[in-house]
Structure formats: C-alpha cells, structure tokens
Amino acid sequence: MRLDKFLKVSRVIKRRTVASEVCRAGRVSINGRPAKPGTTVKPGDILEIAFGSGRSRIRILSVKETVRKEEAAGLFEILAGDTGDQP
C-alpha cells in the first residue's frame, strides 16, 4: 500500500492530500530513510513523522485497504512521541 494512503486509512493524518504534502516536504521517513507519498509500506515498517516541532514514531502492524474508524488504531503502534514542549 502507498504511504500516503496508509496514513489516511489509519487516520494518522485525516486527509490523503495532506499526507501526500507531508511526505513531499520530507517530514516522513520509513525505517530511517526519507519516504515519498508512493513508497510502499508493509507490516513491521517504522515510520517517523515530524508534526510541527515534535516527532512521532509508529510501527505498522497491519495494512488494510479500508477500515472502520474504531479499527484504525489497530493498524499501528505508537513507539515514541515527542511533542517538543519540553526544553
């Protein structure tokens, strides 16, 4: 599955166009490598996403074309998150 679609389906980012823009801006990496919107993701991949001044790391647990809102959180596991609030 494409990275931008996964971010939207998993509801990490609510709109696919925004997910695509974030990837093109170089704010997403997969397994330590910069990722483009069309990069293929698979279970076990580690995503790092820069949100504002913070960074989040998530592990992909499952890849599905469509899921219900209640099931979306089961597609990934949050490994670490830095909100950037601390000095």
# chains A, B, ... in the order shown; residues from 1 in each chain; ligands from 1
$ select_by_dssp --residues "chain A" --states "strand (DSSP E or B)" --output "list in words"
Arg2, Val28, Ser29, Ile30, Arg33, Pro34, Thr40, Ile46, Leu47, Glu48, Ile49, Ala50, Phe51, Gly54, Arg55, Ser56, Arg57, Ile58, Arg59, Ile60, Phe76, Glu77, Ile78, Leu79, Ala80, Gly81 and Asp82 of chain A
$ write_last_selection --atoms "N, CA and C atoms" --output "short mmCIF file (atom, residue, chain, number, x, y, z; two decimals), in the first residue's frame"
data_model
loop_
_atom_site.label_atom_id
_atom_site.label_comp_id
_atom_site.auth_asym_id
_atom_site.auth_seq_id
_atom_site.Cartn_x
_atom_site.Cartn_y
_atom_site.Cartn_z
N ARG A 2 0.43 2.27 -0.67
CA ARG A 2 1.16 3.54 -0.70
C ARG A 2 1.17 4.18 0.69
N VAL A 28 8.53 12.71 6.55
CA VAL A 28 8.22 11.32 6.88
C VAL A 28 9.38 10.44 6.43
N SER A 29 9.76 9.51 7.29
CA SER A 29 10.78 8.52 6.90
C SER A 29 10.28 7.13 7.28
N ILE A 30 10.72 6.16 6.49
CA ILE A 30 10.39 4.75 6.74
C ILE A 30 11.69 4.03 7.00
N ARG A 33 14.82 6.03 6.33
CA ARG A 33 15.05 6.60 5.00
C ARG A 33 13.91 7.53 4.63
N PRO A 34 14.22 8.67 4.01
CA PRO A 34 13.15 9.59 3.59
C PRO A 34 12.16 8.87 2.67
N THR A 40 6.00 2.15 -0.85
CA THR A 40 5.20 1.02 -0.37
C THR A 40 5.52 0.75 1.11
N ILE A 46 8.84 0.96 10.37
CA ILE A 46 8.82 2.01 11.39
C ILE A 46 8.74 3.35 10.68
N LEU A 47 7.70 4.11 10.98
CA LEU A 47 7.52 5.44 10.40
C LEU A 47 7.93 6.49 11.42
N GLU A 48 8.63 7.51 10.96
CA GLU A 48 8.92 8.68 11.78
C GLU A 48 8.28 9.86 11.08
N ILE A 49 7.45 10.59 11.80
CA ILE A 49 6.71 11.70 11.22
C ILE A 49 6.97 12.94 12.05
N ALA A 50 7.34 14.03 11.38
CA ALA A 50 7.56 15.31 12.05
C ALA A 50 6.25 16.10 12.00
N PHE A 51 5.70 16.39 13.18
CA PHE A 51 4.50 17.20 13.32
C PHE A 51 4.89 18.48 14.03
N GLY A 54 7.53 18.58 16.94
CA GLY A 54 7.68 17.26 17.55
C GLY A 54 7.82 16.16 16.51
N ARG A 55 8.16 14.97 16.97
CA ARG A 55 8.30 13.81 16.09
C ARG A 55 7.56 12.63 16.72
N SER A 56 6.97 11.82 15.88
CA SER A 56 6.31 10.60 16.34
C SER A 56 6.89 9.41 15.60
N ARG A 57 7.05 8.30 16.33
CA ARG A 57 7.49 7.04 15.73
C ARG A 57 6.39 6.02 15.91
N ILE A 58 6.01 5.39 14.81
CA ILE A 58 4.99 4.35 14.88
C ILE A 58 5.45 3.12 14.10
N ARG A 59 4.99 1.96 14.56
CA ARG A 59 5.27 0.70 13.88
C ARG A 59 3.98 0.26 13.20
N ILE A 60 4.07 -0.10 11.94
CA ILE A 60 2.91 -0.59 11.20
C ILE A 60 2.66 -2.04 11.61
N PHE A 76 -1.58 0.35 13.72
CA PHE A 76 -0.24 0.80 14.08
C PHE A 76 -0.07 0.84 15.59
N GLU A 77 1.18 0.92 16.01
CA GLU A 77 1.54 1.01 17.43
C GLU A 77 2.45 2.23 17.60
N ILE A 78 2.14 3.08 18.55
CA ILE A 78 2.96 4.25 18.81
C ILE A 78 4.17 3.82 19.63
N LEU A 79 5.36 4.08 19.08
CA LEU A 79 6.59 3.70 19.77
C LEU A 79 7.12 4.85 20.62
N ALA A 80 7.09 6.04 20.07
CA ALA A 80 7.58 7.22 20.80
C ALA A 80 6.98 8.45 20.19
N GLY A 81 6.79 9.44 21.02
CA GLY A 81 6.28 10.71 20.54
C GLY A 81 6.91 11.83 21.32
N ASP A 82 7.40 12.83 20.63
CA ASP A 82 8.00 13.99 21.26
C ASP A 82 7.21 15.20 20.80
#
$ select_by_dssp --residues "chain A" --states "alpha helix (DSSP H)" --output "compact mmCIF listing (two decimals) with N, CA and C atoms, in the first residue's frame"
# COMPACT_ATOMS: atom_id res chain seq x y z
N LEU A 3 2.26 4.87 0.99
CA LEU A 3 2.41 5.53 2.28
C LEU A 3 1.32 6.55 2.54
N ASP A 4 1.03 7.41 1.57
CA ASP A 4 0.02 8.43 1.79
C ASP A 4 -1.36 7.82 2.05
N LYS A 5 -1.67 6.73 1.37
CA LYS A 5 -2.96 6.06 1.60
C LYS A 5 -3.00 5.42 2.98
N PHE A 6 -1.88 4.79 3.41
CA PHE A 6 -1.85 4.19 4.74
C PHE A 6 -2.08 5.25 5.82
N LEU A 7 -1.42 6.40 5.69
CA LEU A 7 -1.57 7.46 6.68
C LEU A 7 -3.02 7.91 6.78
N LYS A 8 -3.72 7.94 5.66
CA LYS A 8 -5.13 8.33 5.65
C LYS A 8 -6.02 7.22 6.21
N VAL A 9 -5.83 5.98 5.73
CA VAL A 9 -6.68 4.86 6.18
C VAL A 9 -6.52 4.63 7.68
N ARG A 16 -5.79 12.46 2.64
CA ARG A 16 -4.70 11.91 1.83
C ARG A 16 -3.88 13.02 1.18
N THR A 17 -4.51 14.11 0.79
CA THR A 17 -3.74 15.20 0.18
C THR A 17 -2.76 15.80 1.18
N VAL A 18 -3.17 15.92 2.42
CA VAL A 18 -2.28 16.44 3.47
C VAL A 18 -1.15 15.44 3.71
N ALA A 19 -1.48 14.15 3.75
CA ALA A 19 -0.46 13.11 3.94
C ALA A 19 0.57 13.17 2.82
N SER A 20 0.10 13.37 1.61
CA SER A 20 0.99 13.46 0.46
C SER A 20 1.90 14.68 0.56
N GLU A 21 1.35 15.81 0.97
CA GLU A 21 2.14 17.03 1.13
C GLU A 21 3.21 16.86 2.22
N VAL A 22 2.84 16.23 3.32
CA VAL A 22 3.79 16.00 4.42
C VAL A 22 4.95 15.12 3.93
N CYS A 23 4.65 14.10 3.15
CA CYS A 23 5.69 13.22 2.61
C CYS A 23 6.60 13.98 1.65
N ARG A 24 6.00 14.76 0.74
CA ARG A 24 6.80 15.51 -0.24
C ARG A 24 7.69 16.55 0.44
$ residues_around --residues "A:Thr66" --least-positions-apart "2" --cutoff "12 Å" --atoms "only C-alpha atoms" --output "list in words"
Met1, Lys5, Phe6, Leu7, Lys8, Val9, Ser10, Arg11, Ser62, Val63, Lys64, Arg68, Lys69, Glu70, Glu71, Ala72 and Leu75 of chain A
$ write_last_selection --atoms "C-alpha atoms" --output "compact mmCIF listing (two decimals), in the first residue's frame"
# COMPACT_ATOMS: atom_id res chain seq x y z
CA MET A 1 0.00 0.00 0.00
CA LYS A 5 -2.96 6.06 1.60
CA PHE A 6 -1.85 4.19 4.74
CA LEU A 7 -1.57 7.46 6.68
CA LYS A 8 -5.13 8.33 5.65
CA VAL A 9 -6.68 4.86 6.18
CA SER A 10 -5.04 4.54 9.61
CA ARG A 11 -6.18 8.07 10.44
CA SER A 62 -1.30 -4.29 9.62
CA VAL A 63 -2.08 -2.90 6.18
CA LYS A 64 -5.71 -2.90 5.02
CA ARG A 68 -13.82 1.37 10.24
CA LYS A 69 -12.97 4.32 12.43
CA GLU A 70 -12.92 2.11 15.53
CA GLU A 71 -10.45 -0.33 13.94
CA ALA A 72 -8.00 2.26 12.55
CA LEU A 75 -3.19 -0.76 12.26
$ decode --residues "stretch 26-46 of chain A" --atoms "C-alpha atoms" --output "PDB file, in the first residue's frame"
ATOM      1  CA  GLY A  26      10.475  15.386   3.648  1.00  0.00           C
ATOM      2  CA  ARG A  27       8.813  15.090   7.058  1.00  0.00           C
ATOM      3  CA  VAL A  28       8.216  11.319   6.877  1.00  0.00           C
ATOM      4  CA  SER A  29      10.780   8.523   6.903  1.00  0.00           C
ATOM      5  CA  ILE A  30      10.390   4.753   6.744  1.00  0.00           C
ATOM      6  CA  ASN A  31      12.998   2.657   8.548  1.00  0.00           C
ATOM      7  CA  GLY A  32      15.320   5.673   8.694  1.00  0.00           C
ATOM      8  CA  ARG A  33      15.050   6.599   5.003  1.00  0.00           C
ATOM      9  CA  PRO A  34      13.149   9.588   3.588  1.00  0.00           C
ATOM     10  CA  ALA A  35       9.852   8.483   2.057  1.00  0.00           C
ATOM     11  CA  LYS A  36       7.806   9.765  -0.866  1.00  0.00           C
ATOM     12  CA  PRO A  37       3.990   9.520  -0.946  1.00  0.00           C
ATOM     13  CA  GLY A  38       4.111   6.483  -3.255  1.00  0.00           C
ATOM     14  CA  THR A  39       6.569   4.485  -1.156  1.00  0.00           C
ATOM     15  CA  THR A  40       5.200   1.025  -0.366  1.00  0.00           C
ATOM     16  CA  VAL A  41       4.629   0.241   3.313  1.00  0.00           C
ATOM     17  CA  LYS A  42       4.288  -3.175   4.937  1.00  0.00           C
ATOM     18  CA  PRO A  43       3.768  -4.556   8.441  1.00  0.00           C
ATOM     19  CA  GLY A  44       6.862  -4.111  10.584  1.00  0.00           C
ATOM     20  CA  ASP A  45       7.951  -0.826   9.000  1.00  0.00           C
ATOM     21  CA  ILE A  46       8.822   2.006  11.390  1.00  0.00           C
TER      22      ILE A  46
END
